[in-house]
Amino acid sequence: MMQVSSENKSGRQKALADPKTRELLRRLIVEKKQLSPEVGADGLIHYRAAEEVTGAPDAAHEWIEEMLRLGILKKGPAKDFVTCPVHSRADPLIELECLKCKARKMRKTTLIEHLYCGYIDEDTKFDNEGFLVCPNCKRAIKSAEELRSSGVWFECQNCLTKTSIPKVVFECREGHEFGTSELKLSPAFTYSVEESVVGQLQSALILAPALADLLSGMGYRVSSPATLQGRSGTSHTLDVYAKSGEGSDVAIQIAVDEAAVEPSAVISFFAKAYDLRPKLSVLVAIPSASQAAKQINEGYGITLVEDQDGSGAVQKVKALVEKPGTG
Ligand SMILES: [Zn+2]
Ligand SMILES: [Zn+2]
Ligand SMILES: [Zn+2]
């Protein structure tokens, strides 16, 4: 895990700057959901919650891979899906085939024992015009406890061959068949958010909506997350963007890390702020900004707000926005 740490840290910051990632993680954490595999109408494995946010199955898979790499998601138990070896569809129809004549007209029969006399026969033989009667001792059977199930077999309705293990045939919905020996077992995992990152993510995921509420309460028009076009024509995403009636505006980005937030977060936010030119640019660093980040920040005109767990950040931003000359 050693060489992962520093690379992962800035990777996580980058990933968490993406509003889609935020939204999906928010759903998983705040709504306490897991990503579970499901078989879709196309017969393939889908992670519905992820696709709802990322927009497409491929994007969802890529997103999951990236989150695993960054240690944000972890693998849970796998489910093995019976899958067509050609089309990878996980929704085959299952049929039972007679080993002898290959007909697929099996009747399932349960063997029943009458405990009183020890007689064993098919369940249908105990049916006497709607009443349960032992075909051997002719006694009426009044409760289920008088009988015991003692086996199951399959009888071919074509050639009457009996077997307890018929051949299982899988019919792919693309129009061909395969047997037990050809099928593929495709493991599909469930994924959940790594416990160690839940805390730090929670503060960011809850903080953005709280800051949006604060600013709209102060009379701003707020977008969160916001996508804006800069002067260069490039689109930028911000956690919160707010504009007042007088044309004054505030851009807020939230950077969260296990330890102090690295300079890369300052640089990437500066690139956006430089292109968007808001009146006030605020970078909220949770739990703090590293010395290097602070040094870089000095020349960039970004206001840095540090907060241990995010809970005090709303008040700090409020004070900034209310300050004369910025609001
Ligand atoms: Zn197939
Ligand atoms: Zn009997
Ligand atoms: Zn048969």
# chains A, B, ... in the order shown; residues from 1 in each chain; ligands from 1
>>> residues_around(residues="Leu320 in chain A", least_positions_apart="5", cutoff="12 Å", atoms="only C-alpha atoms", output="PyMOL selection string")
chain A and resi 215+250+252+279-284+302-305+313-315+325-327
>>> residues_near_ligand(ligand="ligand 3", cutoff="6 Å", atoms="only C-alpha atoms and all ligand atoms", output="PDB file with N, CA and C atoms, in the first residue's frame")
ATOM      1  N   CYS A  98     -34.283 -35.215 -21.663  1.00  0.00           N
ATOM      2  CA  CYS A  98     -34.187 -36.659 -21.439  1.00  0.00           C
ATOM      3  C   CYS A  98     -32.854 -37.155 -22.018  1.00  0.00           C
ATOM      4  N   LYS A 100     -32.057 -40.075 -22.826  1.00  0.00           N
ATOM      5  CA  LYS A 100     -32.216 -41.137 -23.804  1.00  0.00           C
ATOM      6  C   LYS A 100     -32.782 -40.636 -25.137  1.00  0.00           C
ATOM      7  N   CYS A 101     -33.949 -40.012 -25.114  1.00  0.00           N
ATOM      8  CA  CYS A 101     -34.591 -39.615 -26.376  1.00  0.00           C
ATOM      9  C   CYS A 101     -34.431 -38.120 -26.679  1.00  0.00           C
ATOM     10  N   LYS A 102     -33.816 -37.364 -25.780  1.00  0.00           N
ATOM     11  CA  LYS A 102     -33.544 -35.937 -25.937  1.00  0.00           C
ATOM     12  C   LYS A 102     -34.800 -35.057 -25.967  1.00  0.00           C
ATOM     13  N   ALA A 103     -35.942 -35.647 -25.622  1.00  0.00           N
ATOM     14  CA  ALA A 103     -37.160 -34.830 -25.542  1.00  0.00           C
ATOM     15  C   ALA A 103     -37.054 -33.923 -24.322  1.00  0.00           C
ATOM     16  N   CYS A 156     -39.462 -38.759 -18.257  1.00  0.00           N
ATOM     17  CA  CYS A 156     -39.665 -38.255 -19.613  1.00  0.00           C
ATOM     18  C   CYS A 156     -41.071 -38.629 -20.072  1.00  0.00           C
ATOM     19  N   ASN A 158     -42.045 -38.553 -23.010  1.00  0.00           N
ATOM     20  CA  ASN A 158     -41.974 -39.122 -24.357  1.00  0.00           C
ATOM     21  C   ASN A 158     -41.625 -40.610 -24.300  1.00  0.00           C
ATOM     22  N   CYS A 159     -40.512 -40.980 -23.604  1.00  0.00           N
ATOM     23  CA  CYS A 159     -40.084 -42.377 -23.585  1.00  0.00           C
ATOM     24  C   CYS A 159     -40.206 -43.029 -22.205  1.00  0.00           C
ATOM     25  N   LEU A 160     -40.725 -42.278 -21.229  1.00  0.00           N
ATOM     26  CA  LEU A 160     -40.980 -42.758 -19.871  1.00  0.00           C
ATOM     27  C   LEU A 160     -39.718 -43.132 -19.077  1.00  0.00           C
ATOM     28  N   THR A 161     -38.539 -42.741 -19.576  1.00  0.00           N
ATOM     29  CA  THR A 161     -37.306 -42.980 -18.827  1.00  0.00           C
ATOM     30  C   THR A 161     -37.308 -42.110 -17.566  1.00  0.00           C
TER      31      THR A 161
END
>>> residues_around(residues="range 148-151 of chain A", least_positions_apart="2", cutoff="12 Å", atoms="only C-alpha atoms", output="list in words")
Lys108, Thr109, Thr110, Leu111, Ile112, Glu113, His114, Leu115, Tyr116, Cys117, Gly118, Tyr119, Ile120, Asp121, Glu122, Asp123, Ile141, Ser143, Ala144, Glu145, Glu146, Trp153, Phe154, Thr163, Ser164 and Ile165 of chain A
>>> write_last_selection(atoms="N, CA and C atoms", output="mmCIF file, in the first residue's frame")
data_model
loop_
_atom_site.group_PDB
_atom_site.id
_atom_site.type_symbol
_atom_site.label_atom_id
_atom_site.label_comp_id
_atom_site.auth_asym_id
_atom_site.auth_seq_id
_atom_site.Cartn_x
_atom_site.Cartn_y
_atom_site.Cartn_z
ATOM 1 N N LYS A 108 -41.771 -33.673 -13.138
ATOM 2 C CA LYS A 108 -41.084 -33.817 -11.860
ATOM 3 C C LYS A 108 -41.995 -34.584 -10.898
ATOM 4 N N THR A 109 -41.427 -35.594 -10.268
ATOM 5 C CA THR A 109 -42.204 -36.420 -9.366
ATOM 6 C C THR A 109 -41.529 -36.488 -8.002
ATOM 7 N N THR A 110 -42.351 -36.383 -6.982
ATOM 8 C CA THR A 110 -41.806 -36.487 -5.629
ATOM 9 C C THR A 110 -42.214 -37.840 -5.049
ATOM 10 N N LEU A 111 -41.279 -38.511 -4.434
ATOM 11 C CA LEU A 111 -41.575 -39.790 -3.774
ATOM 12 C C LEU A 111 -42.017 -39.514 -2.348
ATOM 13 N N ILE A 112 -43.057 -40.237 -1.951
ATOM 14 C CA ILE A 112 -43.603 -40.019 -0.611
ATOM 15 C C ILE A 112 -43.666 -41.340 0.143
ATOM 16 N N GLU A 113 -43.345 -41.249 1.398
ATOM 17 C CA GLU A 113 -43.419 -42.440 2.244
ATOM 18 C C GLU A 113 -44.553 -42.275 3.250
ATOM 19 N N HIS A 114 -45.389 -43.310 3.343
ATOM 20 C CA HIS A 114 -46.418 -43.299 4.381
ATOM 21 C C HIS A 114 -45.759 -43.848 5.638
ATOM 22 N N LEU A 115 -45.578 -43.023 6.647
ATOM 23 C CA LEU A 115 -44.791 -43.420 7.824
ATOM 24 C C LEU A 115 -45.454 -44.578 8.593
ATOM 25 N N TYR A 116 -46.767 -44.667 8.564
ATOM 26 C CA TYR A 116 -47.493 -45.713 9.301
ATOM 27 C C TYR A 116 -47.136 -47.119 8.816
ATOM 28 N N CYS A 117 -47.136 -47.304 7.445
ATOM 29 C CA CYS A 117 -46.876 -48.651 6.924
ATOM 30 C C CYS A 117 -45.542 -48.749 6.179
ATOM 31 N N GLY A 118 -44.883 -47.611 5.982
ATOM 32 C CA GLY A 118 -43.570 -47.627 5.329
ATOM 33 C C GLY A 118 -43.622 -47.707 3.823
ATOM 34 N N TYR A 119 -44.814 -47.605 3.250
ATOM 35 C CA TYR A 119 -44.941 -47.705 1.795
ATOM 36 C C TYR A 119 -44.456 -46.420 1.112
ATOM 37 N N ILE A 120 -43.714 -46.604 -0.012
ATOM 38 C CA ILE A 120 -43.188 -45.452 -0.764
ATOM 39 C C ILE A 120 -43.730 -45.488 -2.187
ATOM 40 N N ASP A 121 -44.220 -44.316 -2.639
ATOM 41 C CA ASP A 121 -44.675 -44.225 -4.038
ATOM 42 C C ASP A 121 -44.725 -42.750 -4.451
ATOM 43 N N GLU A 122 -45.060 -42.534 -5.724
ATOM 44 C CA GLU A 122 -45.184 -41.161 -6.229
ATOM 45 C C GLU A 122 -46.294 -40.423 -5.494
ATOM 46 N N ASP A 123 -46.118 -39.102 -5.393
ATOM 47 C CA ASP A 123 -47.137 -38.321 -4.667
ATOM 48 C C ASP A 123 -48.524 -38.432 -5.293
ATOM 49 N N ILE A 141 -55.134 -40.202 5.025
ATOM 50 C CA ILE A 141 -54.036 -39.423 5.624
ATOM 51 C C ILE A 141 -54.582 -38.052 5.995
ATOM 52 N N SER A 143 -52.937 -35.611 8.148
ATOM 53 C CA SER A 143 -52.015 -34.475 8.297
ATOM 54 C C SER A 143 -50.689 -34.759 7.600
ATOM 55 N N ALA A 144 -49.993 -33.699 7.277
ATOM 56 C CA ALA A 144 -48.728 -33.794 6.544
ATOM 57 C C ALA A 144 -47.680 -34.571 7.332
ATOM 58 N N GLU A 145 -47.811 -34.585 8.642
ATOM 59 C CA GLU A 145 -46.825 -35.296 9.478
ATOM 60 C C GLU A 145 -46.853 -36.809 9.279
ATOM 61 N N GLU A 146 -47.946 -37.325 8.670
ATOM 62 C CA GLU A 146 -48.028 -38.765 8.456
ATOM 63 C C GLU A 146 -47.212 -39.195 7.234
ATOM 64 N N TRP A 153 -37.647 -37.435 -8.629
ATOM 65 C CA TRP A 153 -37.087 -37.842 -9.910
ATOM 66 C C TRP A 153 -37.841 -37.179 -11.038
ATOM 67 N N PHE A 154 -37.261 -37.324 -12.225
ATOM 68 C CA PHE A 154 -37.857 -36.728 -13.420
ATOM 69 C C PHE A 154 -38.189 -37.849 -14.389
ATOM 70 N N THR A 163 -35.140 -40.515 -14.306
ATOM 71 C CA THR A 163 -33.801 -40.164 -13.850
ATOM 72 C C THR A 163 -33.899 -39.152 -12.707
ATOM 73 N N SER A 164 -32.902 -39.176 -11.840
ATOM 74 C CA SER A 164 -32.901 -38.158 -10.781
ATOM 75 C C SER A 164 -32.029 -36.972 -11.190
ATOM 76 N N ILE A 165 -31.146 -37.174 -12.198
ATOM 77 C CA ILE A 165 -30.331 -36.050 -12.693
ATOM 78 C C ILE A 165 -30.470 -35.935 -14.214
#
>>> residues_near_ligand(ligand="ligand 1", cutoff="12 Å", atoms="only C-alpha atoms and all ligand atoms", output="compact mmCIF listing (two decimals) with C-alpha atoms, in the first residue's frame")
# COMPACT_ATOMS: atom_id res chain seq x y z
CA ASP A 42 -30.02 -6.93 -22.60
CA GLY A 43 -28.92 -9.93 -20.53
CA LEU A 44 -25.76 -8.19 -19.34
CA VAL A 82 -24.41 -18.47 -15.39
CA THR A 83 -23.43 -16.84 -18.65
CA CYS A 84 -23.50 -17.74 -22.35
CA PRO A 85 -19.92 -18.44 -23.52
CA VAL A 86 -20.51 -16.55 -26.77
CA HIS A 87 -22.62 -13.51 -25.91
CA SER A 88 -21.91 -13.18 -22.21
CA ARG A 89 -25.63 -12.93 -21.58
CA ALA A 90 -26.56 -13.90 -18.04
CA ASP A 91 -30.24 -14.61 -18.71
CA PRO A 92 -30.44 -18.06 -20.36
CA LEU A 93 -33.63 -20.11 -20.23
CA PHE A 170 -29.31 -23.53 -21.41
CA GLU A 171 -30.98 -21.59 -24.16
CA CYS A 172 -29.33 -18.26 -24.88
CA ARG A 173 -31.77 -15.51 -25.86
CA GLU A 174 -29.63 -14.84 -28.92
CA GLY A 175 -31.00 -18.11 -30.33
CA HIS A 176 -28.56 -20.93 -29.56
CA GLU A 177 -27.99 -23.49 -26.82
CA PHE A 178 -25.17 -24.56 -24.56
CA GLY A 179 -24.68 -27.16 -21.88
CA GLU A 182 -19.75 -24.87 -21.93
CA LEU A 183 -21.33 -22.32 -19.65
CA LYS A 184 -19.26 -19.53 -18.21
>>> select_by_dssp(residues="range 77-172 of chain A", states="strand (DSSP E)", output="JSON, numbers by chain")
{"A": [77, 78, 79, 80, 81, 82, 83, 93, 94, 95, 96, 97, 106, 107, 108, 109, 110, 111, 112, 113, 114, 120, 121, 122, 127, 128, 131, 132, 147, 148, 149, 150, 151, 152, 153, 154, 155, 156, 162, 163, 167, 168, 169, 170, 171, 172]}
>>> write_last_selection(atoms="N, CA and C atoms", output="compact mmCIF listing (two decimals), in the first residue's frame")
# COMPACT_ATOMS: atom_id res chain seq x y z
N PRO A 77 -18.87 -9.30 -1.54
CA PRO A 77 -18.99 -10.67 -2.04
C PRO A 77 -19.39 -10.69 -3.52
N ALA A 78 -18.96 -11.76 -4.21
CA ALA A 78 -19.30 -11.91 -5.63
C ALA A 78 -20.46 -12.89 -5.79
N LYS A 79 -21.22 -12.66 -6.85
CA LYS A 79 -22.28 -13.58 -7.23
C LYS A 79 -21.83 -14.17 -8.55
N ASP A 80 -21.94 -15.48 -8.70
CA ASP A 80 -21.55 -16.09 -9.98
C ASP A 80 -22.76 -16.25 -10.88
N PHE A 81 -22.73 -15.54 -11.99
CA PHE A 81 -23.84 -15.62 -12.93
C PHE A 81 -23.54 -16.68 -13.99
N VAL A 82 -24.54 -17.51 -14.29
CA VAL A 82 -24.41 -18.47 -15.39
C VAL A 82 -24.57 -17.68 -16.68
N THR A 83 -23.51 -17.73 -17.50
CA THR A 83 -23.43 -16.84 -18.65
C THR A 83 -23.17 -17.61 -19.93
N LEU A 93 -32.50 -19.30 -20.67
CA LEU A 93 -33.63 -20.11 -20.23
C LEU A 93 -33.07 -21.47 -19.88
N ILE A 94 -33.62 -22.10 -18.89
CA ILE A 94 -33.10 -23.41 -18.48
C ILE A 94 -34.14 -24.48 -18.79
N GLU A 95 -33.69 -25.55 -19.48
CA GLU A 95 -34.59 -26.64 -19.81
C GLU A 95 -33.98 -27.97 -19.37
N LEU A 96 -34.83 -28.97 -19.12
CA LEU A 96 -34.38 -30.31 -18.72
C LEU A 96 -34.62 -31.26 -19.87
N GLU A 97 -33.57 -32.02 -20.21
CA GLU A 97 -33.64 -32.88 -21.39
C GLU A 97 -33.49 -34.35 -21.00
N MET A 106 -40.18 -33.21 -19.39
CA MET A 106 -39.96 -33.89 -18.13
C MET A 106 -41.10 -33.59 -17.16
N ARG A 107 -41.44 -34.61 -16.40
CA ARG A 107 -42.38 -34.38 -15.33
C ARG A 107 -41.64 -34.61 -14.03
N LYS A 108 -41.77 -33.67 -13.14
CA LYS A 108 -41.08 -33.82 -11.86
C LYS A 108 -41.99 -34.58 -10.90
N THR A 109 -41.43 -35.59 -10.27
CA THR A 109 -42.20 -36.42 -9.37
C THR A 109 -41.53 -36.49 -8.00
N THR A 110 -42.35 -36.38 -6.98
CA THR A 110 -41.81 -36.49 -5.63
C THR A 110 -42.21 -37.84 -5.05
N LEU A 111 -41.28 -38.51 -4.43
CA LEU A 111 -41.57 -39.79 -3.77
C LEU A 111 -42.02 -39.51 -2.35
N ILE A 112 -43.06 -40.24 -1.95
CA ILE A 112 -43.60 -40.02 -0.61
C ILE A 112 -43.67 -41.34 0.14
N GLU A 113 -43.35 -41.25 1.40
CA GLU A 113 -43.42 -42.44 2.24
C GLU A 113 -44.55 -42.27 3.25
N HIS A 114 -45.39 -43.31 3.34
CA HIS A 114 -46.42 -43.30 4.38
C HIS A 114 -45.76 -43.85 5.64
N ILE A 120 -43.71 -46.60 -0.01
CA ILE A 120 -43.19 -45.45 -0.76
C ILE A 120 -43.73 -45.49 -2.19
N ASP A 121 -44.22 -44.32 -2.64
CA ASP A 121 -44.68 -44.22 -4.04
C ASP A 121 -44.72 -42.75 -4.45
N GLU A 122 -45.06 -42.53 -5.72
CA GLU A 122 -45.18 -41.16 -6.23
C GLU A 122 -46.29 -40.42 -5.49
N ASP A 127 -53.18 -39.65 -4.16
CA ASP A 127 -54.35 -38.80 -4.40
C ASP A 127 -55.52 -39.67 -4.84
N ASN A 128 -56.55 -39.73 -3.97
CA ASN A 128 -57.71 -40.53 -4.30
C ASN A 128 -58.91 -39.60 -4.42
N PHE A 131 -58.78 -36.77 -2.10
CA PHE A 131 -58.43 -37.09 -0.71
C PHE A 131 -57.11 -37.83 -0.68
N LEU A 132 -56.36 -37.60 0.37
CA LEU A 132 -55.08 -38.31 0.49
C LEU A 132 -55.32 -39.66 1.17
N LEU A 147 -46.75 -38.19 6.47
CA LEU A 147 -45.99 -38.49 5.24
C LEU A 147 -44.59 -37.92 5.33
N ARG A 148 -43.68 -38.50 4.56
CA ARG A 148 -42.33 -37.95 4.48
C ARG A 148 -41.89 -37.99 3.03
N SER A 149 -41.33 -36.89 2.56
CA SER A 149 -40.81 -36.85 1.21
C SER A 149 -39.50 -37.62 1.20
N SER A 150 -39.35 -38.55 0.26
CA SER A 150 -38.12 -39.35 0.30
C SER A 150 -37.41 -39.39 -1.05
N GLY A 151 -37.52 -38.29 -1.81
CA GLY A 151 -36.76 -38.24 -3.06
C GLY A 151 -37.55 -37.61 -4.19
N VAL A 152 -36.79 -37.23 -5.22
CA VAL A 152 -37.39 -36.56 -6.37
C VAL A 152 -36.82 -37.22 -7.61
N TRP A 153 -37.65 -37.44 -8.63
CA TRP A 153 -37.09 -37.84 -9.91
C TRP A 153 -37.84 -37.18 -11.04
N PHE A 154 -37.26 -37.32 -12.22
CA PHE A 154 -37.86 -36.73 -13.42
C PHE A 154 -38.19 -37.85 -14.39
N GLU A 155 -39.39 -37.80 -14.92
CA GLU A 155 -39.81 -38.83 -15.87
C GLU A 155 -40.08 -38.18 -17.21
N CYS A 156 -39.46 -38.76 -18.26
CA CYS A 156 -39.67 -38.25 -19.61
C CYS A 156 -41.07 -38.63 -20.07
N LYS A 162 -36.87 -42.71 -16.48
CA LYS A 162 -36.81 -41.97 -15.22
C LYS A 162 -35.35 -41.67 -14.87
N THR A 163 -35.14 -40.52 -14.31
CA THR A 163 -33.80 -40.16 -13.85
C THR A 163 -33.90 -39.15 -12.71
N LYS A 167 -30.44 -34.02 -17.96
CA LYS A 167 -29.47 -33.10 -18.56
C LYS A 167 -30.06 -31.68 -18.53
N VAL A 168 -29.21 -30.72 -18.14
CA VAL A 168 -29.66 -29.33 -18.09
C VAL A 168 -29.17 -28.62 -19.36
N VAL A 169 -30.10 -28.01 -20.07
CA VAL A 169 -29.74 -27.29 -21.30
C VAL A 169 -30.06 -25.81 -21.11
N PHE A 170 -29.10 -24.97 -21.52
CA PHE A 170 -29.31 -23.53 -21.41
C PHE A 170 -29.58 -22.96 -22.78
N GLU A 171 -30.62 -22.18 -22.87
CA GLU A 171 -30.98 -21.59 -24.16
C GLU A 171 -30.70 -20.09 -24.10
N CYS A 172 -29.68 -19.68 -24.85
CA CYS A 172 -29.33 -18.26 -24.88
C CYS A 172 -30.41 -17.51 -25.64
>>> select_by_dssp(residues="range 92-218 of chain A", states="alpha helix (DSSP H)", output="NGL selection string")
:A and (195-217)
>>> write_last_selection(atoms="C-alpha atoms", output="PDB file, in the first residue's frame")
ATOM      1  CA  GLU A 195     -15.151   2.789   5.663  1.00  0.00           C
ATOM      2  CA  SER A 196     -11.973   4.814   6.099  1.00  0.00           C
ATOM      3  CA  VAL A 197     -13.071   7.365   3.481  1.00  0.00           C
ATOM      4  CA  VAL A 198     -16.727   7.597   4.496  1.00  0.00           C
ATOM      5  CA  GLY A 199     -16.009  10.226   7.142  1.00  0.00           C
ATOM      6  CA  GLN A 200     -14.031  12.562   4.938  1.00  0.00           C
ATOM      7  CA  LEU A 201     -16.396  12.164   2.017  1.00  0.00           C
ATOM      8  CA  GLN A 202     -19.409  12.782   4.153  1.00  0.00           C
ATOM      9  CA  SER A 203     -18.176  16.220   5.115  1.00  0.00           C
ATOM     10  CA  ALA A 204     -17.730  17.228   1.477  1.00  0.00           C
ATOM     11  CA  LEU A 205     -20.976  15.668   0.326  1.00  0.00           C
ATOM     12  CA  ILE A 206     -22.952  17.400   3.010  1.00  0.00           C
ATOM     13  CA  LEU A 207     -20.962  20.604   2.827  1.00  0.00           C
ATOM     14  CA  ALA A 208     -21.721  21.506  -0.802  1.00  0.00           C
ATOM     15  CA  PRO A 209     -25.524  21.478  -0.259  1.00  0.00           C
ATOM     16  CA  ALA A 210     -25.076  23.372   3.033  1.00  0.00           C
ATOM     17  CA  LEU A 211     -23.049  26.103   1.295  1.00  0.00           C
ATOM     18  CA  ALA A 212     -25.633  26.265  -1.487  1.00  0.00           C
ATOM     19  CA  ASP A 213     -28.362  26.752   1.130  1.00  0.00           C
ATOM     20  CA  LEU A 214     -26.368  29.448   2.877  1.00  0.00           C
ATOM     21  CA  LEU A 215     -25.886  31.481  -0.287  1.00  0.00           C
ATOM     22  CA  SER A 216     -29.438  31.158  -1.539  1.00  0.00           C
ATOM     23  CA  GLY A 217     -30.553  32.274   1.945  1.00  0.00           C
TER      24      GLY A 217
END
>>> closest_residue(among="A:Phe189, A:Gly233, A:Glu66, A:Ala293", to="Ser264 in chain A", atoms="only C-alpha atoms")
A:Ala293
>>> atom_distance(atom1="CA of Ala56 in chain A", atom2="CA of Lys20 in chain A")
12.4 Å
>>> atom_distance(atom1="CA of Gln229 in chain A", atom2="CA of Leu276 in chain A")
7.3 Å
>>> residues_around(residues="Ala265 in chain A", least_positions_apart="2", cutoff="12 Å", atoms="only C-alpha atoms", output="ChimeraX atom specification")
/A:9-17,253-257,260-263,267-272,282-286,288-290,292-294,296-297,302,304
>>> residues_around(residues="Thr237 in chain A", least_positions_apart="5", cutoff="8 Å", atoms="only C-alpha atoms", output="short mmCIF file (atom, residue, chain, number, x, y, z; two decimals) with N, CA and C atoms, in the first residue's frame")
data_model
loop_
_atom_site.label_atom_id
_atom_site.label_comp_id
_atom_site.auth_asym_id
_atom_site.auth_seq_id
_atom_site.Cartn_x
_atom_site.Cartn_y
_atom_site.Cartn_z
N ASP A 18 -14.98 15.83 -9.36
CA ASP A 18 -15.97 15.55 -10.40
C ASP A 18 -17.36 15.46 -9.78
N PRO A 19 -18.29 16.32 -10.23
CA PRO A 19 -19.63 16.33 -9.63
C PRO A 19 -20.36 15.00 -9.72
N PRO A 225 -23.94 21.07 -8.17
CA PRO A 225 -22.71 21.54 -8.80
C PRO A 225 -23.04 22.44 -10.00
N ALA A 226 -22.09 23.26 -10.38
CA ALA A 226 -22.33 24.21 -11.46
C ALA A 226 -21.37 23.93 -12.61
N THR A 227 -21.87 24.02 -13.83
CA THR A 227 -21.00 23.94 -15.00
C THR A 227 -21.07 25.29 -15.71
N LEU A 228 -19.92 25.91 -15.85
CA LEU A 228 -19.87 27.26 -16.41
C LEU A 228 -18.84 27.32 -17.52
#
>>> residues_around(residues="range 30-38 of chain A", least_positions_apart="2", cutoff="8 Å", atoms="only C-alpha atoms", output="number ranges by chain")
A: 26-28, 40, 45-50, 188-193, 202
>>> write_last_selection(atoms="N, CA and C atoms", output="short mmCIF file (atom, residue, chain, number, x, y, z; two decimals), in the first residue's frame")
data_model
loop_
_atom_site.label_atom_id
_atom_site.label_comp_id
_atom_site.auth_asym_id
_atom_site.auth_seq_id
_atom_site.Cartn_x
_atom_site.Cartn_y
_atom_site.Cartn_z
N ARG A 26 -22.35 10.33 -2.84
CA ARG A 26 -23.35 10.85 -1.90
C ARG A 26 -24.50 9.84 -1.77
N ARG A 27 -24.96 9.33 -2.90
CA ARG A 27 -26.05 8.34 -2.86
C ARG A 27 -25.63 7.11 -2.08
N LEU A 28 -24.40 6.65 -2.34
CA LEU A 28 -23.95 5.42 -1.68
C LEU A 28 -23.77 5.63 -0.18
N GLY A 40 -29.72 -7.02 -16.75
CA GLY A 40 -30.62 -6.09 -17.44
C GLY A 40 -31.40 -6.76 -18.55
N ILE A 45 -24.73 -7.73 -17.23
CA ILE A 45 -24.70 -7.30 -15.83
C ILE A 45 -24.63 -5.78 -15.76
N HIS A 46 -25.48 -5.21 -14.95
CA HIS A 46 -25.52 -3.76 -14.81
C HIS A 46 -25.44 -3.36 -13.34
N TYR A 47 -24.87 -2.18 -13.13
CA TYR A 47 -24.90 -1.56 -11.81
C TYR A 47 -25.77 -0.33 -11.95
N ARG A 48 -27.05 -0.51 -11.67
CA ARG A 48 -28.03 0.51 -12.01
C ARG A 48 -27.74 1.87 -11.37
N ALA A 49 -27.44 1.85 -10.07
CA ALA A 49 -27.21 3.13 -9.37
C ALA A 49 -26.07 3.90 -10.02
N ALA A 50 -25.02 3.18 -10.44
CA ALA A 50 -23.87 3.83 -11.06
C ALA A 50 -24.23 4.36 -12.45
N ALA A 188 -19.68 -11.42 -10.40
CA ALA A 188 -19.95 -9.98 -10.38
C ALA A 188 -20.00 -9.56 -8.91
N PHE A 189 -19.22 -8.56 -8.59
CA PHE A 189 -19.07 -8.16 -7.19
C PHE A 189 -20.09 -7.10 -6.79
N THR A 190 -20.33 -7.03 -5.51
CA THR A 190 -21.01 -5.85 -4.99
C THR A 190 -19.90 -4.91 -4.51
N TYR A 191 -20.19 -3.63 -4.53
CA TYR A 191 -19.18 -2.64 -4.13
C TYR A 191 -19.77 -1.71 -3.09
N SER A 192 -18.95 -1.35 -2.14
CA SER A 192 -19.39 -0.37 -1.16
C SER A 192 -18.25 0.61 -0.89
N VAL A 193 -18.58 1.71 -0.26
CA VAL A 193 -17.57 2.74 0.01
C VAL A 193 -16.70 2.27 1.17
N GLN A 202 -18.16 12.28 3.62
CA GLN A 202 -19.41 12.78 4.15
C GLN A 202 -19.37 14.29 4.34
#
>>> atom_distance(atom1="CA of Ala242 in chain A", atom2="CA of Lys318 in chain A")
12.6 Å
>>> closest_residue(among="A:Ile29, A:Val222, A:Ala273, A:Met67", to="Gly301 in chain A", atoms="only C-alpha atoms")
A:Ala273
